[in-house]
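Novice: My structure file my_file37.pdb, PDB, C-alpha atoms, is below:
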```pdb
ATOM      1  CA  MET A   1     -30.284   7.055 -29.283
ATOM      2  CA  ASP A   2     -32.294   9.229 -26.849
ATOM      3  CA  THR A   3     -30.675  12.395 -25.641
ATOM      4  CA  ILE A   4     -28.958  11.963 -22.327
ATOM      5  CA  THR A   5     -28.766  14.654 -19.716
ATOM      6  CA  LEU A   6     -26.570  14.952 -16.635
ATOM      7  CA  ARG A   7     -27.958  16.498 -13.464
ATOM      8  CA  ARG A   8     -27.140  16.609  -9.749
ATOM      9  CA  PHE A   9     -28.483  13.814  -7.558
ATOM     10  CA  ASP A  10     -31.145  14.226  -4.910
ATOM     11  CA  LEU A  11     -31.954  11.990  -1.920
ATOM     12  CA  ALA A  12     -35.206  11.192  -3.738
ATOM     13  CA  ASP A  13     -33.119   9.379  -6.401
ATOM     14  CA  ALA A  14     -32.152   6.579  -3.976
ATOM     15  CA  ASP A  15     -34.729   4.092  -5.287
ATOM     16  CA  ALA A  16     -33.740   4.696  -8.908
ATOM     17  CA  MET A  17     -30.078   4.365  -7.905
ATOM     18  CA  MET A  18     -30.744   0.938  -6.373
ATOM     19  CA  SER A  19     -31.354  -0.373  -9.916
ATOM     20  CA  TRP A  20     -27.606  -0.263 -10.582
ATOM     21  CA  ALA A  21     -26.078   0.044  -7.120
ATOM     22  CA  SER A  22     -27.644  -3.233  -5.954
ATOM     23  CA  ASP A  23     -26.758  -5.178  -9.123
ATOM     24  CA  PRO A  24     -23.724  -7.460  -8.648
ATOM     25  CA  VAL A  25     -23.190  -7.616 -12.408
ATOM     26  CA  VAL A  26     -22.836  -3.823 -12.553
ATOM     27  CA  THR A  27     -20.469  -3.732  -9.564
ATOM     28  CA  ALA A  28     -18.503  -6.818 -10.674
ATOM     29  CA  PHE A  29     -15.501  -4.890 -11.992
ATOM     30  CA  THR A  30     -15.509  -2.296  -9.234
ATOM     31  CA  THR A  31     -14.331  -2.447  -5.653
ATOM     32  CA  SER A  32     -17.873  -1.608  -4.482
ATOM     33  CA  GLU A  33     -20.116  -4.270  -3.054
ATOM     34  CA  PRO A  34     -23.717  -4.202  -4.291
ATOM     35  CA  TYR A  35     -26.101  -2.437  -1.888
ATOM     36  CA  GLU A  36     -28.601  -4.744  -0.219
ATOM     37  CA  SER A  37     -30.948  -2.052   1.100
ATOM     38  CA  VAL A  38     -31.711   1.587   0.476
ATOM     39  CA  GLU A  39     -30.650   2.965   3.926
ATOM     40  CA  PRO A  40     -26.871   2.688   3.381
ATOM     41  CA  LEU A  41     -27.383   4.039  -0.153
ATOM     42  CA  LEU A  42     -29.205   7.078   1.286
ATOM     43  CA  ALA A  43     -26.215   7.603   3.583
ATOM     44  CA  PHE A  44     -23.890   7.365   0.580
ATOM     45  CA  ILE A  45     -25.916   9.978  -1.310
ATOM     46  CA  ARG A  46     -25.999  12.269   1.708
ATOM     47  CA  ASP A  47     -22.352  11.891   2.789
ATOM     48  CA  THR A  48     -20.540  11.394  -0.524
ATOM     49  CA  VAL A  49     -22.689  12.306  -3.503
ATOM     50  CA  LEU A  50     -24.307  15.568  -2.398
ATOM     51  CA  PRO A  51     -21.088  17.260  -1.167
ATOM     52  CA  HIS A  52     -19.002  15.877  -4.052
ATOM     53  CA  PRO A  53     -17.342  18.384  -6.409
ATOM     54  CA  TRP A  54     -18.708  16.624  -9.503
ATOM     55  CA  PHE A  55     -21.173  13.733  -9.258
ATOM     56  CA  ARG A  56     -23.997  13.483 -11.750
ATOM     57  CA  ALA A  57     -27.035  11.365 -12.531
ATOM     58  CA  ILE A  58     -27.269  10.093 -16.112
ATOM     59  CA  CYS A  59     -30.876  10.572 -17.328
ATOM     60  CA  LEU A  60     -32.501   9.587 -20.600
ATOM     61  CA  ALA A  61     -34.783  12.045 -22.373
ATOM     62  CA  GLY A  62     -36.159  13.649 -19.220
ATOM     63  CA  ASP A  63     -36.722  10.366 -17.351
ATOM     64  CA  GLY A  64     -35.257   9.380 -13.965
ATOM     65  CA  PRO A  65     -31.605   8.401 -13.486
ATOM     66  CA  VAL A  66     -30.296   5.256 -15.186
ATOM     67  CA  GLY A  67     -26.720   5.633 -14.010
ATOM     68  CA  GLU A  68     -24.091   7.773 -12.346
ATOM     69  CA  VAL A  69     -20.870   9.440 -13.418
ATOM     70  CA  SER A  70     -18.353  11.208 -11.209
ATOM     71  CA  VAL A  71     -15.107  13.097 -11.648
ATOM     72  CA  THR A  72     -13.086  13.187  -8.439
ATOM     73  CA  PRO A  73     -10.054  15.460  -8.035
ATOM     74  CA  THR A  74      -6.996  13.673  -6.644
ATOM     75  CA  GLU A  75      -4.232  14.910  -4.322
ATOM     76  CA  ASP A  76      -2.877  16.790  -7.352
ATOM     77  CA  ARG A  77      -5.324  19.412  -8.497
ATOM     78  CA  CYS A  78      -4.553  18.979 -12.176
ATOM     79  CA  ARG A  79      -5.689  15.380 -12.163
ATOM     80  CA  ALA A  80      -9.145  13.892 -11.568
ATOM     81  CA  GLU A  81     -10.466  10.346 -11.727
ATOM     82  CA  LEU A  82     -13.604   9.326 -13.568
ATOM     83  CA  GLY A  83     -16.074   6.710 -12.372
ATOM     84  CA  ILE A  84     -19.193   5.536 -14.185
ATOM     85  CA  MET A  85     -21.956   2.990 -13.566
ATOM     86  CA  LEU A  86     -25.039   2.249 -15.620
ATOM     87  CA  ALA A  87     -28.097   0.124 -14.917
ATOM     88  CA  ARG A  88     -27.870  -3.116 -16.869
ATOM     89  CA  ALA A  89     -31.186  -2.476 -18.691
ATOM     90  CA  HIS A  90     -29.470   0.366 -20.532
ATOM     91  CA  TRP A  91     -26.265  -1.363 -21.548
ATOM     92  CA  GLY A  92     -25.370  -1.793 -25.229
ATOM     93  CA  LYS A  93     -27.268   1.283 -26.439
ATOM     94  CA  GLY A  94     -24.490   3.881 -26.410
ATOM     95  CA  VAL A  95     -25.684   5.531 -23.194
ATOM     96  CA  ALA A  96     -22.303   5.340 -21.434
ATOM     97  CA  THR A  97     -20.485   6.705 -24.493
ATOM     98  CA  ALA A  98     -22.954   9.598 -24.757
ATOM     99  CA  ALA A  99     -22.637  10.327 -21.027
ATOM    100  CA  LEU A 100     -18.839  10.307 -21.236
ATOM    101  CA  LYS A 101     -18.860  12.700 -24.186
ATOM    102  CA  ARG A 102     -21.136  15.037 -22.228
ATOM    103  CA  VAL A 103     -18.837  14.828 -19.185
ATOM    104  CA  LEU A 104     -15.769  15.755 -21.220
ATOM    105  CA  ALA A 105     -17.585  18.679 -22.845
ATOM    106  CA  THR A 106     -18.487  20.222 -19.476
ATOM    107  CA  VAL A 107     -16.169  19.079 -16.711
ATOM    108  CA  TYR A 108     -13.102  21.147 -17.630
ATOM    109  CA  ALA A 109     -15.113  24.342 -17.334
ATOM    110  CA  ASN A 110     -16.590  23.217 -14.000
ATOM    111  CA  LEU A 111     -13.523  21.886 -12.140
ATOM    112  CA  ASP A 112     -10.938  24.602 -11.613
ATOM    113  CA  GLY A 113      -7.354  23.578 -12.280
ATOM    114  CA  VAL A 114      -8.118  20.130 -13.687
ATOM    115  CA  GLU A 115      -6.046  19.366 -16.807
ATOM    116  CA  ARG A 116      -6.355  15.611 -16.910
ATOM    117  CA  VAL A 117      -9.275  13.230 -16.431
ATOM    118  CA  GLU A 118      -8.205   9.628 -16.084
ATOM    119  CA  ALA A 119     -10.064   6.363 -15.798
ATOM    120  CA  LEU A 120      -8.845   3.001 -14.517
ATOM    121  CA  VAL A 121     -10.673   0.047 -16.019
ATOM    122  CA  ASP A 122     -10.282  -3.667 -15.555
ATOM    123  CA  VAL A 123      -8.455  -5.116 -18.557
ATOM    124  CA  ASP A 124     -11.384  -7.524 -19.095
ATOM    125  CA  ASN A 125     -14.113  -4.873 -18.933
ATOM    126  CA  ALA A 126     -14.514  -4.695 -22.721
ATOM    127  CA  ALA A 127     -17.751  -2.690 -22.678
ATOM    128  CA  ALA A 128     -16.308   0.065 -20.480
ATOM    129  CA  ARG A 129     -13.109   0.194 -22.524
ATOM    130  CA  ARG A 130     -15.076   0.554 -25.764
ATOM    131  CA  ALA A 131     -17.203   3.362 -24.287
ATOM    132  CA  LEU A 132     -14.092   5.258 -23.143
ATOM    133  CA  GLU A 133     -12.399   4.820 -26.514
ATOM    134  CA  LYS A 134     -15.468   5.939 -28.452
ATOM    135  CA  ALA A 135     -15.774   8.984 -26.205
ATOM    136  CA  GLY A 136     -12.214  10.001 -27.109
ATOM    137  CA  PHE A 137     -10.145   8.766 -24.160
ATOM    138  CA  GLN A 138      -6.611   7.581 -24.990
ATOM    139  CA  GLN A 139      -5.242   4.353 -23.601
ATOM    140  CA  GLU A 140      -1.880   5.087 -21.963
ATOM    141  CA  ALA A 141      -0.829   1.848 -20.306
ATOM    142  CA  VAL A 142      -1.761  -1.500 -18.854
ATOM    143  CA  LEU A 143      -0.900  -1.401 -15.133
ATOM    144  CA  ARG A 144       0.015  -4.936 -14.164
ATOM    145  CA  SER A 145      -1.190  -6.472 -10.897
ATOM    146  CA  TYR A 146      -2.546  -3.064  -9.964
ATOM    147  CA  CYS A 147      -5.159  -3.894  -7.344
ATOM    148  CA  VAL A 148      -7.190  -6.640  -5.767
ATOM    149  CA  VAL A 149     -10.845  -6.708  -6.826
ATOM    150  CA  LYS A 150     -13.145  -9.229  -5.168
ATOM    151  CA  GLY A 151     -10.159 -11.247  -3.990
ATOM    152  CA  LEU A 152      -8.285 -11.372  -7.314
ATOM    153  CA  LEU A 153      -5.207  -9.444  -8.408
ATOM    154  CA  ARG A 154      -6.167  -7.509 -11.540
ATOM    155  CA  ASP A 155      -4.440  -5.707 -14.387
ATOM    156  CA  MET A 156      -5.989  -2.283 -14.981
ATOM    157  CA  VAL A 157      -5.868  -0.148 -18.090
ATOM    158  CA  ILE A 158      -5.391   3.571 -17.614
ATOM    159  CA  TYR A 159      -7.106   5.965 -20.015
ATOM    160  CA  SER A 160      -6.948   9.746 -20.079
ATOM    161  CA  PHE A 161      -8.503  12.729 -21.772
ATOM    162  CA  ILE A 162      -6.557  15.935 -21.222
ATOM    163  CA  SER A 163      -7.902  19.443 -21.500
ATOM    164  CA  THR A 164      -6.334  20.021 -24.926
ATOM    165  CA  ASP A 165      -7.577  16.780 -26.469
ATOM    166  CA  THR A 166     -10.209  17.161 -29.196
ATOM    167  CA  LEU A 167     -13.783  16.422 -28.163
ATOM    168  CA  VAL A 168     -15.473  13.701 -30.217
ATOM    169  CA  GLU A 169     -18.860  14.694 -31.649
TER     170      GLU A 169
ATOM    171  CA  MET B   1      28.801  -1.016  -6.991
ATOM    172  CA  GLU B   2      27.679  -2.392  -3.633
ATOM    173  CA  VAL B   3      25.207  -0.606  -1.408
ATOM    174  CA  THR B   4      23.481  -1.406   1.843
ATOM    175  CA  LEU B   5      20.102  -0.189   2.993
ATOM    176  CA  ARG B   6      19.407   0.564   6.646
ATOM    177  CA  ARG B   7      16.873   2.497   8.711
ATOM    178  CA  PHE B   8      17.492   6.196   9.274
ATOM    179  CA  ASP B   9      18.366   7.768  12.604
ATOM    180  CA  LEU B  10      17.953  11.373  13.735
ATOM    181  CA  SER B  11      21.752  11.588  13.755
ATOM    182  CA  ASP B  12      21.712  11.170   9.950
ATOM    183  CA  VAL B  13      20.326  14.681   9.520
ATOM    184  CA  ASP B  14      23.638  16.290   8.549
ATOM    185  CA  ALA B  15      24.406  13.634   5.951
ATOM    186  CA  MET B  16      20.852  13.975   4.681
ATOM    187  CA  MET B  17      21.272  17.726   4.157
ATOM    188  CA  ALA B  18      23.742  16.882   1.364
ATOM    189  CA  TRP B  19      20.817  15.930  -0.894
ATOM    190  CA  ALA B  20      17.848  17.440   0.934
ATOM    191  CA  SER B  21      19.191  20.968   0.542
ATOM    192  CA  ASP B  22      20.286  20.505  -3.074
ATOM    193  CA  PRO B  23      17.820  21.901  -5.635
ATOM    194  CA  GLU B  24      19.399  19.755  -8.356
ATOM    195  CA  ALA B  25      18.926  16.539  -6.384
ATOM    196  CA  ALA B  26      15.374  17.657  -5.576
ATOM    197  CA  ALA B  27      14.620  18.817  -9.118
ATOM    198  CA  TYR B  28      12.388  15.901 -10.054
ATOM    199  CA  CYS B  29      11.212  15.107  -6.548
ATOM    200  CA  ARG B  30       7.910  16.261  -5.140
ATOM    201  CA  TRP B  31       9.451  18.053  -2.178
ATOM    202  CA  GLU B  32      11.186  21.417  -1.907
ATOM    203  CA  PRO B  33      14.869  21.616  -0.900
ATOM    204  CA  TYR B  34      15.499  22.297   2.788
ATOM    205  CA  ASP B  35      17.149  25.520   3.949
ATOM    206  CA  SER B  36      18.080  24.336   7.446
ATOM    207  CA  THR B  37      18.342  21.192   9.563
ATOM    208  CA  GLU B  38      15.433  21.934  11.937
ATOM    209  CA  PRO B  39      12.617  21.183   9.462
ATOM    210  CA  LEU B  40      14.646  18.223   8.169
ATOM    211  CA  LEU B  41      14.892  16.835  11.728
ATOM    212  CA  ALA B  42      11.123  17.216  11.981
ATOM    213  CA  PHE B  43      10.749  15.347   8.690
ATOM    214  CA  ILE B  44      12.943  12.495   9.948
ATOM    215  CA  ARG B  45      11.073  12.349  13.250
ATOM    216  CA  ASP B  46       7.515  12.721  11.890
ATOM    217  CA  THR B  47       7.717  11.006   8.508
ATOM    218  CA  VAL B  48      10.842   8.892   8.127
ATOM    219  CA  LEU B  49      11.042   7.104  11.499
ATOM    220  CA  PRO B  50       7.374   5.997  11.601
ATOM    221  CA  HIS B  51       7.291   5.252   7.848
ATOM    222  CA  PRO B  52       6.418   1.678   6.812
ATOM    223  CA  TRP B  53       9.497   1.470   4.513
ATOM    224  CA  PHE B  54      12.098   4.220   4.339
ATOM    225  CA  ARG B  55      15.792   3.384   4.022
ATOM    226  CA  ALA B  56      19.142   5.112   3.961
ATOM    227  CA  VAL B  57      21.388   4.178   1.043
ATOM    228  CA  CYS B  58      24.983   3.590   2.180
ATOM    229  CA  LEU B  59      28.027   2.624   0.136
ATOM    230  CA  ALA B  60      29.423  -0.768   1.149
ATOM    231  CA  GLY B  61      31.662  -0.435   4.180
ATOM    232  CA  ASP B  62      30.557   3.142   4.904
ATOM    233  CA  SER B  63      27.834   3.922   7.419
ATOM    234  CA  ARG B  64      27.120   7.450   6.185
ATOM    235  CA  PRO B  65      24.006   7.703   3.970
ATOM    236  CA  VAL B  66      24.435   9.050   0.446
ATOM    237  CA  GLY B  67      20.755   8.905  -0.396
ATOM    238  CA  ALA B  68      17.367   7.502   0.462
ATOM    239  CA  VAL B  69      14.903   5.045  -1.002
ATOM    240  CA  SER B  70      11.331   4.585   0.179
ATOM    241  CA  LEU B  71       8.204   2.632  -0.637
ATOM    242  CA  ALA B  72       5.051   4.635  -0.065
ATOM    243  CA  PRO B  73       1.855   2.727   0.661
ATOM    244  CA  THR B  74      -1.085   3.351  -1.632
ATOM    245  CA  ALA B  75      -4.831   2.775  -1.368
ATOM    246  CA  ASP B  76      -4.163  -0.925  -2.058
ATOM    247  CA  ALA B  77      -1.903  -3.166   0.028
ATOM    248  CA  CYS B  78      -0.725  -4.973  -3.105
ATOM    249  CA  ARG B  79       0.811  -1.814  -4.567
ATOM    250  CA  GLY B  80       3.611   0.447  -3.345
ATOM    251  CA  GLU B  81       5.247   3.490  -4.886
ATOM    252  CA  LEU B  82       9.028   3.653  -4.912
ATOM    253  CA  GLU B  83      10.921   6.930  -4.627
ATOM    254  CA  TYR B  84      14.627   7.553  -4.337
ATOM    255  CA  VAL B  85      17.026  10.457  -4.085
ATOM    256  CA  LEU B  86      20.805  10.540  -4.190
ATOM    257  CA  ALA B  87      23.391  13.162  -3.260
ATOM    258  CA  ARG B  88      24.814  14.643  -6.440
ATOM    259  CA  ALA B  89      28.395  13.662  -5.519
ATOM    260  CA  HIS B  90      27.370  10.040  -6.087
ATOM    261  CA  TRP B  91      25.533  10.388  -9.381
ATOM    262  CA  GLY B  92      26.783   8.530 -12.465
ATOM    263  CA  LYS B  93      28.440   5.656 -10.554
ATOM    264  CA  GLY B  94      25.646   3.119 -10.500
ATOM    265  CA  VAL B  95      24.628   3.854  -6.916
ATOM    266  CA  ALA B  96      20.983   4.581  -7.700
ATOM    267  CA  THR B  97      20.695   1.425  -9.803
ATOM    268  CA  ALA B  98      22.267  -0.677  -7.048
ATOM    269  CA  ALA B  99      20.034   0.900  -4.394
ATOM    270  CA  THR B 100      16.906   0.350  -6.448
ATOM    271  CA  LYS B 101      17.846  -3.292  -7.176
ATOM    272  CA  ARG B 102      18.505  -3.866  -3.471
ATOM    273  CA  ALA B 103      15.190  -2.227  -2.584
ATOM    274  CA  LEU B 104      13.324  -4.519  -4.999
ATOM    275  CA  THR B 105      14.908  -7.679  -3.599
ATOM    276  CA  THR B 106      13.995  -6.580  -0.080
ATOM    277  CA  VAL B 107      10.525  -5.021  -0.163
ATOM    278  CA  PHE B 108       8.595  -8.039  -1.434
ATOM    279  CA  GLY B 109       9.796 -10.004   1.544
ATOM    280  CA  GLU B 110       9.300  -7.194   4.046
ATOM    281  CA  VAL B 111       6.000  -5.604   2.985
ATOM    282  CA  LYS B 112       2.987  -7.838   3.518
ATOM    283  CA  GLY B 113       0.731  -8.381   0.501
ATOM    284  CA  LEU B 114       2.967  -6.440  -1.881
ATOM    285  CA  GLU B 115       2.637  -7.579  -5.507
ATOM    286  CA  ARG B 116       3.529  -4.471  -7.484
ATOM    287  CA  VAL B 117       6.137  -1.746  -7.040
ATOM    288  CA  GLU B 118       5.544   1.205  -9.279
ATOM    289  CA  THR B 119       7.256   4.511  -9.775
ATOM    290  CA  LEU B 120       6.521   7.660 -11.720
ATOM    291  CA  VAL B 121       9.359   9.454 -13.462
ATOM    292  CA  ASP B 122       9.247  12.790 -15.193
ATOM    293  CA  VAL B 123       9.347  12.384 -18.973
ATOM    294  CA  ASP B 124      12.269  14.854 -18.951
ATOM    295  CA  ASN B 125      14.334  12.786 -16.503
ATOM    296  CA  PRO B 126      16.098  10.210 -18.748
ATOM    297  CA  ALA B 127      18.815   9.497 -16.159
ATOM    298  CA  SER B 128      16.235   8.207 -13.701
ATOM    299  CA  GLN B 129      14.430   6.290 -16.445
ATOM    300  CA  ARG B 130      17.700   4.495 -17.247
ATOM    301  CA  VAL B 131      18.278   3.664 -13.563
ATOM    302  CA  LEU B 132      14.867   2.058 -13.311
ATOM    303  CA  GLU B 133      15.209   0.087 -16.551
ATOM    304  CA  LYS B 134      18.618  -1.245 -15.452
ATOM    305  CA  ALA B 135      17.120  -2.194 -12.109
ATOM    306  CA  GLY B 136      14.481  -4.291 -13.894
ATOM    307  CA  PHE B 137      11.450  -2.010 -13.912
ATOM    308  CA  ARG B 138       9.241  -2.239 -16.964
ATOM    309  CA  ARG B 139       7.972   0.952 -18.551
ATOM    310  CA  GLU B 140       4.207   0.635 -18.940
ATOM    311  CA  GLY B 141       3.241   3.947 -20.497
ATOM    312  CA  LEU B 142       3.267   7.710 -20.483
ATOM    313  CA  LEU B 143       0.761   9.568 -18.310
ATOM    314  CA  ARG B 144       0.018  12.922 -19.888
ATOM    315  CA  ARG B 145      -0.255  16.024 -17.664
ATOM    316  CA  HIS B 146      -0.065  13.836 -14.621
ATOM    317  CA  TYR B 147       0.925  16.510 -12.098
TER     318      TYR B 147
END
```
Using structure tokens, write down the structure from this file.
Specialist:
Amino acid sequence: MDTITLRRFDLADADAMMSWASDPVVTAFTTSEPYESVEPLLAFIRDTVLPHPWFRAICLAGDGPVGEVSVTPTEDRCRAELGIMLARAHWGKGVATAALKRVLATVYANLDGVERVEALVDVDNAAARRALEKAGFQQEAVLRSYCVVKGLLRDMVIYSFISTDTLVE
Amino acid sequence: MEVTLRRFDLSDVDAMMAWASDPEAAAYCRWEPYDSTEPLLAFIRDTVLPHPWFRAVCLAGDSRPVGAVSLAPTADACRGELEYVLARAHWGKGVATAATKRALTTVFGEVKGLERVETLVDVDNPASQRVLEKAGFRREGLLRRHY
């Protein structure tokens, strides 16, 4: 398992980002539609990613980005929501788990007032659930008929890692 | 225990002060108790009247509200968040349970696309947890350090 690093995004990362942002398999469980061209993705980087309080590129051993991870504060300052996406070429190698562990080790120091990081995952997204569990998140509940994703009503599982939970090595 | 639900009116402000000014009724709510009717009138005018689903809880045969129940929209049309508050004089008589049951039988017909009504209750509020269980809500889990 190569070392992963997290760094801020740059507009120059748009082409690398297309590798996951345009992939319908990657976006299948999310409410995002895959990007069809780089212009709207550039706008997303400029308008959402760059000003975001905590949005990071997942990089392998000094290479370009292979995914993204974000922690977004909610209307209550103590609580923030995690989002993660990884290019399909890097699935099944522990990259997401490593990225999540790195996020949990750093985000509480970076985001003032945040006590809880939560993640909502489709009940059928086994790979994402495994990554969250291996990174130390605790499953709290299955939220039934929580939202509509791609036209279907879905159950979502809510996971959390609070500031006093023990980091997994 | 029979209750009816109806829309609020500005003229309900005095009845509303019975719970809106009471720190015990507000204890587990996300709003602060009101000190005077002027800001409460503004709340009725600016939040309650235009709200997609906000109802006064009245005891059968009595038009004066004893509490309120509301369904807040969320980021998804299929999901709404229920909140309720009741004047302390009417606690312990099944009013909240009746109001919540009546709300559940009504909102699915009145709110387009609604599939899920959820509510968050403080872990230290067992009275409210019992109300919701008796009204048919299912407890799904405990959210740690939620807010």
Novice: Convert the output of the ChimeraX specification (/A :<12) & /B on the shown file into explicit residues, formatted as a JSON list (two decimals) with C-alpha atoms, keeping the file's coordinate frame.
Specialist:
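The resulting file, result19.json, is shown below:
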```json
[["chain", "number", "residue", "atom", "x", "y", "z"],
["B", 30, "ARG", "CA", 7.91, 16.26, -5.14],
["B", 74, "THR", "CA", -1.08, 3.35, -1.63],
["B", 75, "ALA", "CA", -4.83, 2.78, -1.37],
["B", 76, "ASP", "CA", -4.16, -0.92, -2.06],
["B", 77, "ALA", "CA", -1.90, -3.17, 0.03],
["B", 78, "CYS", "CA", -0.72, -4.97, -3.10],
["B", 79, "ARG", "CA", 0.81, -1.81, -4.57],
["B", 80, "GLY", "CA", 3.61, 0.45, -3.34],
["B", 81, "GLU", "CA", 5.25, 3.49, -4.89],
["B", 113, "GLY", "CA", 0.73, -8.38, 0.50],
["B", 114, "LEU", "CA", 2.97, -6.44, -1.88],
["B", 115, "GLU", "CA", 2.64, -7.58, -5.51],
["B", 116, "ARG", "CA", 3.53, -4.47, -7.48],
["B", 117, "VAL", "CA", 6.14, -1.75, -7.04],
["B", 118, "GLU", "CA", 5.54, 1.20, -9.28],
["B", 119, "THR", "CA", 7.26, 4.51, -9.78],
["B", 137, "PHE", "CA", 11.45, -2.01, -13.91],
["B", 138, "ARG", "CA", 9.24, -2.24, -16.96],
["B", 139, "ARG", "CA", 7.97, 0.95, -18.55],
["B", 140, "GLU", "CA", 4.21, 0.64, -18.94],
["B", 141, "GLY", "CA", 3.24, 3.95, -20.50],
["B", 142, "LEU", "CA", 3.27, 7.71, -20.48],
["B", 143, "LEU", "CA", 0.76, 9.57, -18.31],
["B", 144, "ARG", "CA", 0.02, 12.92, -19.89],
["B", 145, "ARG", "CA", -0.26, 16.02, -17.66],
["B", 146, "HIS", "CA", -0.06, 13.84, -14.62],
["B", 147, "TYR", "CA", 0.92, 16.51, -12.10]]
```
Novice: Which residues fall under the PyMOL selection byres ((chain B and resi 12-18) around 8) in this file, as a list in words?
Specialist: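 In the shown coordinates, the PyMOL selection byres ((chain B and resi 12-18) around 8) covers Phe8, Asp9, Leu10, Ser11, Trp19, Ala20, Ser21, Asp22, Tyr34, Thr37, Leu40, Leu41, Ile44, Arg64, Pro65, Val66, Gly67 and Ala87 of chain B.
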Novice: Report the distance between CA of Pro126 (chain B) and CA of Val85 (chain B) in Å, rounded to one decimal place.
Specialist: 14.7 Å
Novice: State, in Å with one decimal place, the distance from CA of Asp122 (chain A) to CA of Met156 (chain A).
Specialist: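 Straight-line distance from CA of Asp122 (chain A) to CA of Met156 (chain A) works out to 4.5 Å.
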Novice: When you draw a straight line from CA of Thr74 (chain A) to CA of Ala119 (chain A), how long is it in Å?
Specialist: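 Spanning CA of Thr74 (chain A) to CA of Ala119 (chain A) is a straight-line distance of 12.1 Å.
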Novice: Taking into account only C-alpha atoms, which residue in the set B:Arg7, B:Lys93, B:Lys112, B:Arg88 is nearest to His51 (chain B)?
Specialist: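 Smallest distance to His51 (chain B) is found for B:Arg7.
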Novice: Looking at only C-alpha atoms, which of B:Leu120, B:Val111, B:Ala89, B:Leu5 is the one that sits closest to Asp62 (chain B)?
Specialist: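 Closest to Asp62 (chain B), using only C-alpha atoms: B:Leu5.
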Novice: Carefully work through the PyMOL selection byres ((chain A and resi 5-22) around 7) for this structure and note down the residues it includes, as a CSV table (one decimal) with C-alpha atoms, in the coordinates of the input.
Specialist:
```csv
chain,number,residue,atom,x,y,z
A,3,THR,CA,-30.7,12.4,-25.6
A,4,ILE,CA,-29.0,12.0,-22.3
A,23,ASP,CA,-26.8,-5.2,-9.1
A,24,PRO,CA,-23.7,-7.5,-8.6
A,26,VAL,CA,-22.8,-3.8,-12.6
A,34,PRO,CA,-23.7,-4.2,-4.3
A,35,TYR,CA,-26.1,-2.4,-1.9
A,36,GLU,CA,-28.6,-4.7,-0.2
A,38,VAL,CA,-31.7,1.6,0.5
A,41,LEU,CA,-27.4,4.0,-0.2
A,42,LEU,CA,-29.2,7.1,1.3
A,45,ILE,CA,-25.9,10.0,-1.3
A,46,ARG,CA,-26.0,12.3,1.7
A,50,LEU,CA,-24.3,15.6,-2.4
A,55,PHE,CA,-21.2,13.7,-9.3
A,56,ARG,CA,-24.0,13.5,-11.8
A,57,ALA,CA,-27.0,11.4,-12.5
A,58,ILE,CA,-27.3,10.1,-16.1
A,59,CYS,CA,-30.9,10.6,-17.3
A,60,LEU,CA,-32.5,9.6,-20.6
A,65,PRO,CA,-31.6,8.4,-13.5
A,67,GLY,CA,-26.7,5.6,-14.0
A,86,LEU,CA,-25.0,2.2,-15.6
A,87,ALA,CA,-28.1,0.1,-14.9
A,88,ARG,CA,-27.9,-3.1,-16.9
```
Novice: With all atoms listed in the file as the counted atoms, please give the residues lying no more than 9 Å from Lys101 (chain B), apart from itself and same-chain residues fewer than 6 positions off, as a list in words.
Specialist: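 Listed by chain and then number, they are Leu132, Lys134, Ala135 and Gly136 of chain B.
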Novice: Nearest to Ala96 (chain B) among B:Leu71, B:Ala25, B:Val57, B:Leu49, with distances taken over all atoms listed in the file: which residue is it?
Specialist: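 Distance minimum relative to Ala96 (chain B) lands on B:Val57.
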Novice: Fewer than 3 positions away in the same chain doesn't count, so skip those; otherwise give me all residues within 8 Å of Ala135 (chain A), counting all atoms listed in the file, as a PyMOL selection string.
Specialist: chain A and resi 97-98+100-101+131-132+167-168
Novice: Keeping only C-alpha atoms, take the residues you just selected and write them out as an mmCIF file, in the frame of the given file.
Specialist:
```cif
data_model
loop_
_atom_site.group_PDB
_atom_site.id
_atom_site.type_symbol
_atom_site.label_atom_id
_atom_site.label_comp_id
_atom_site.auth_asym_id
_atom_site.auth_seq_id
_atom_site.Cartn_x
_atom_site.Cartn_y
_atom_site.Cartn_z
ATOM 1 C CA THR A 97 -20.485 6.705 -24.493
ATOM 2 C CA ALA A 98 -22.954 9.598 -24.757
ATOM 3 C CA LEU A 100 -18.839 10.307 -21.236
ATOM 4 C CA LYS A 101 -18.860 12.700 -24.186
ATOM 5 C CA ALA A 131 -17.203 3.362 -24.287
ATOM 6 C CA LEU A 132 -14.092 5.258 -23.143
ATOM 7 C CA LEU A 167 -13.783 16.422 -28.163
ATOM 8 C CA VAL A 168 -15.473 13.701 -30.217
#
```
Novice: Within 10 Å of Glu2 (chain B), counting all atoms listed in the file, which residues qualify if same-chain residues fewer than 5 places away don't, as an NGL selection string?
Specialist: :B and (58-61 or 94-95 or 98-99 or 102)
Novice: From the options A:Asn125, A:Gly136, A:Leu111, A:Pro53, which residue's atoms come nearest to Ala28 (chain A), counting all atoms listed in the file?
Specialist: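 Selected residue with least distance to Ala28 (chain A): A:Asn125.
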Novice: Considering only C-alpha atoms, state which residue in the set A:Thr166, A:Ala99, A:Lys93, A:Val121 is at the smallest distance from Val149 (chain A).
Specialist: A:Val121
